[in-house]
$ cat start_38.tsv   # TSV, C-alpha atoms
chain	number	residue	atom	x	y	z
A	1	MET	CA	0.00	0.00	0.00
A	2	TRP	CA	0.98	3.58	-0.54
A	3	PRO	CA	1.97	5.81	2.33
A	4	GLY	CA	-0.97	7.77	3.65
A	5	LEU	CA	-3.58	5.26	2.44
A	6	SER	CA	-5.42	2.86	4.63
A	7	ARG	CA	-8.17	0.33	3.95
A	8	GLN	CA	-11.66	0.75	5.27
A	9	VAL	CA	-13.82	-2.15	6.35
A	10	ASP	CA	-15.65	-2.20	2.99
A	11	GLY	CA	-12.34	-2.47	1.10
A	12	SER	CA	-12.19	1.08	-0.26
A	13	ASN	CA	-9.11	3.24	0.23
A	14	MET	CA	-9.11	6.14	2.66
A	15	VAL	CA	-6.51	8.91	2.83
A	16	SER	CA	-5.13	9.58	6.25
A	17	VAL	CA	-4.65	13.33	6.65
A	18	GLY	CA	-2.17	12.93	9.45
A	19	ASN	CA	0.18	10.88	7.31
A	20	MET	CA	-0.13	13.24	4.26
A	21	ARG	CA	1.32	16.12	6.23
A	22	ASN	CA	4.49	14.19	6.80
A	23	GLU	CA	5.00	13.42	3.08
A	24	SER	CA	7.80	15.24	1.27
A	25	GLY	CA	7.25	17.07	-2.04
A	26	PHE	CA	6.21	20.41	-3.49
A	27	THR	CA	3.06	22.25	-2.53
A	28	LEU	CA	0.87	23.93	-5.11
A	29	THR	CA	1.88	27.33	-3.76
A	30	SER	CA	5.61	26.64	-4.13
A	31	VAL	CA	5.09	25.36	-7.68
A	32	LEU	CA	3.11	28.50	-8.63
A	33	ILE	CA	5.72	30.80	-7.10
A	34	GLY	CA	8.44	28.94	-8.97
A	35	MET	CA	6.53	29.32	-12.24
A	36	VAL	CA	6.11	33.08	-11.68
A	37	VAL	CA	9.82	33.52	-10.95
A	38	LEU	CA	10.76	31.45	-14.00
A	39	SER	CA	8.35	33.41	-16.21
A	40	ILE	CA	9.82	36.75	-15.11
A	41	GLY	CA	13.33	35.47	-15.83
A	42	LEU	CA	12.38	34.19	-19.28
A	43	LEU	CA	10.65	37.47	-20.19
A	44	GLY	CA	13.77	39.37	-19.18
A	45	ALA	CA	15.93	37.08	-21.29
A	46	ALA	CA	13.61	37.47	-24.28
A	47	ARG	CA	13.80	41.27	-24.01
A	48	LEU	CA	17.59	41.05	-23.85
A	49	VAL	CA	17.67	38.96	-27.03
A	50	VAL	CA	15.50	41.50	-28.88
A	51	THR	CA	17.75	44.35	-27.72
A	52	VAL	CA	20.86	42.51	-28.91
A	53	PHE	CA	19.30	41.85	-32.34
A	54	ASN	CA	18.34	45.53	-32.71
A	55	SER	CA	21.82	46.67	-31.65
A	56	ASN	CA	23.44	44.33	-34.17
A	57	ALA	CA	21.19	45.63	-36.96
A	58	PHE	CA	22.06	49.24	-36.09
A	59	SER	CA	25.78	48.41	-35.96
A	60	LYS	CA	25.58	46.85	-39.41
A	61	GLN	CA	23.82	49.93	-40.82
A	62	LEU	CA	26.34	52.26	-39.18
A	63	THR	CA	29.26	50.27	-40.61
A	64	THR	CA	27.70	50.30	-44.08
A	65	ALA	CA	27.15	54.08	-43.91
A	66	THR	CA	30.73	54.68	-42.76
A	67	THR	CA	32.08	52.50	-45.58
A	68	LEU	CA	29.99	54.39	-48.16
A	69	ALA	CA	31.35	57.70	-46.86
A	70	GLN	CA	34.94	56.41	-46.94
A	71	ASP	CA	34.44	55.18	-50.51
A	72	LYS	CA	33.32	58.65	-51.61
A	73	ILE	CA	36.28	60.30	-49.87
A	74	ALA	CA	38.63	57.85	-51.61
A	75	GLU	CA	37.00	58.75	-54.94
A	76	ALA	CA	37.59	62.46	-54.28
A	77	GLN	CA	41.22	61.72	-53.35
A	78	ARG	CA	41.74	59.87	-56.65
A	79	LYS	CA	40.47	62.95	-58.51
A	80	GLY	CA	43.03	65.10	-56.73
A	81	TYR	CA	42.92	68.62	-55.37
A	82	ALA	CA	42.17	70.31	-58.69
A	83	ASN	CA	39.19	68.07	-59.55
A	84	ALA	CA	37.82	67.39	-56.05
A	85	ASP	CA	34.90	69.74	-56.78
A	86	THR	CA	33.51	67.21	-59.28
A	87	ALA	CA	32.84	64.81	-56.41
A	88	ALA	CA	30.26	67.18	-54.90
A	89	GLY	CA	26.62	66.23	-55.21
A	90	THR	CA	23.74	64.23	-53.79
A	91	GLU	CA	23.07	60.56	-54.41
A	92	SER	CA	19.45	60.12	-53.32
A	93	TYR	CA	17.87	57.05	-51.76
A	94	GLY	CA	17.75	54.23	-54.28
A	95	THR	CA	20.53	55.56	-56.51
A	96	ILE	CA	23.57	53.99	-54.82
A	97	ALA	CA	24.06	50.53	-56.37
A	98	ASN	CA	23.22	47.74	-53.87
A	99	TYR	CA	22.52	50.30	-51.12
A	100	GLY	CA	19.07	51.67	-51.88
A	101	ASP	CA	18.35	52.48	-48.24
A	102	TYR	CA	21.16	55.05	-48.07
A	103	GLN	CA	21.59	58.63	-49.29
A	104	ARG	CA	25.02	60.23	-49.75
A	105	VAL	CA	25.66	63.98	-49.86
A	106	THR	CA	29.13	65.25	-50.74
A	107	SER	CA	30.15	68.89	-50.38
A	108	VAL	CA	33.44	70.58	-51.20
A	109	SER	CA	34.38	73.86	-49.52
A	110	PRO	CA	37.36	75.63	-51.13
A	111	ASN	CA	39.83	77.62	-49.02
A	112	THR	CA	38.47	76.13	-45.81
A	113	PRO	CA	39.92	76.25	-43.18
A	114	ALA	CA	42.74	78.16	-44.94
A	115	ALA	CA	43.83	79.22	-48.41
A	116	GLY	CA	44.94	76.33	-50.61
A	117	ILE	CA	42.95	73.76	-48.64
A	118	LYS	CA	39.62	72.18	-49.57
A	119	THR	CA	37.32	70.48	-47.08
A	120	VAL	CA	35.42	67.53	-48.51
A	121	THR	CA	32.51	66.45	-46.31
A	122	VAL	CA	30.50	63.30	-46.97
A	123	THR	CA	27.25	62.69	-45.11
A	124	VAL	CA	25.54	59.32	-45.48
A	125	SER	CA	21.97	59.01	-44.18
A	126	TRP	CA	19.65	56.03	-43.79
A	127	ARG	CA	16.18	55.44	-42.43
A	128	SER	CA	15.50	52.86	-39.78
A	129	ARG	CA	12.16	52.42	-38.01
A	130	SER	CA	10.85	55.87	-38.91
A	131	GLN	CA	14.08	57.53	-37.75
A	132	THR	CA	16.80	58.99	-39.93
A	133	HIS	CA	20.40	58.38	-38.89
A	134	SER	CA	23.54	59.80	-40.47
A	135	VAL	CA	27.31	59.60	-40.50
A	136	THR	CA	29.43	62.60	-41.47
A	137	LEU	CA	33.10	62.31	-42.44
A	138	PRO	CA	35.13	65.44	-43.28
A	139	THR	CA	38.61	65.40	-44.80
A	140	LEU	CA	41.08	68.05	-45.94
A	141	PHE	CA	42.83	68.26	-49.32
A	142	ALA	CA	45.91	70.45	-49.68
A	143	GLN	CA	47.15	71.93	-52.92

$ encode --input "start_38.tsv" --output "structure tokens"
Amino acid sequence: MWPGLSRQVDGSNMVSVGNMRNESGFTLTSVLIGMVVLSIGLLGAARLVVTVFNSNAFSKQLTTATTLAQDKIAEAQRKGYANADTAAGTESYGTIANYGDYQRVTSVSPNTPAAGIKTVTVTVSWRSRSQTHSVTLPTLFAQ
């Protein structure tokens, strides 16, 4: 027979309350509390995973934008001081090959910050979740 059970005269089983109190195991209350604690921990972990995924996506976009700006600066450097002005202009969203989510604006300021020096500034912008982000890289070209 199982602990806590006893036989009645008619042969049916009867649970002895006194013996049940001495049994080891988990109560319903302790199981429910454990489930609540576990649920809170799992929700926190799920939020952390979502935050990590969003941060990784932003980092990828930031790296892409920085690379696009560096590419444009390298193009202006290849043209040299005399022809750096030809690099100026705006490449709107959808016009940069393989990078339709980005816009690139290049400006050239002659004699800035001093005579014989040009400042080339490249700003790359992108939209992410109804927000616009940008990276700006300036560089100086001397005569």

$ atom_distance --input "start_38.tsv" --atom1 "atom CA of A:Leu42" --atom2 "atom CA of A:Arg129"
26.1 Å

$ atom_distance --input "start_38.tsv" --atom1 "atom CA of A:Val50" --atom2 "atom CA of A:His133"
20.2 Å

$ axis_aligned_box --input "start_38.tsv" --around "stretch 105-123 of chain A" --padding-each-side "3 Å" --output "lines of an AutoDock Vina configuration file"
center_x = 35.3
center_y = 71.0
center_z = -47.2
size_x = 25.3
size_y = 22.5
size_z = 14.0

$ atom_distance --input "start_38.tsv" --atom1 "atom CA of A:Asp71" --atom2 "atom CA of A:Ser109"
18.7 Å

$ closest_residue --input "start_38.tsv" --among "A:Gly80, A:Pro138, A:Gly94, A:Gly89" --to "A:Pro113" --atoms "all atoms listed in the file"
A:Pro138

$ closest_residue --input "start_38.tsv" --among "A:Asn83, A:Asn54, A:Gln143, A:Ser92" --to "A:Asn111" --atoms "all atoms listed in the file"
A:Gln143

$ residues_near_point --input "start_38.tsv" --point "(36.8, 73.4, -49.8)" --cutoff "10 Å" --atoms "all atoms listed in the file" --output "list in words"
Tyr81, Ala84, Asp85, Ser107, Val108, Ser109, Pro110, Asn111, Thr112, Pro113, Ala114, Ala115, Gly116, Ile117, Lys118, Thr119, Val120, Thr121, Thr139, Leu140, Phe141 and Ala142 of chain A

$ closest_residue --input "start_38.tsv" --among "A:Arg127, A:Leu68, A:Met35, A:Gly41" --to "A:Ala97" --atoms "all atoms listed in the file"
A:Leu68

$ closest_residue --input "start_38.tsv" --among "A:Thr29, A:Gln77, A:Thr66, A:Gln103" --to "A:Val135" --atoms "only C-alpha atoms"
A:Thr66

$ residues_around --input "start_38.tsv" --residues "A:Thr67" --least-positions-apart "2" --cutoff "12 Å" --atoms "only C-alpha atoms" --output "PyMOL selection string"
chain A and resi 60-65+69-74+99+102+104+122-124+135-137
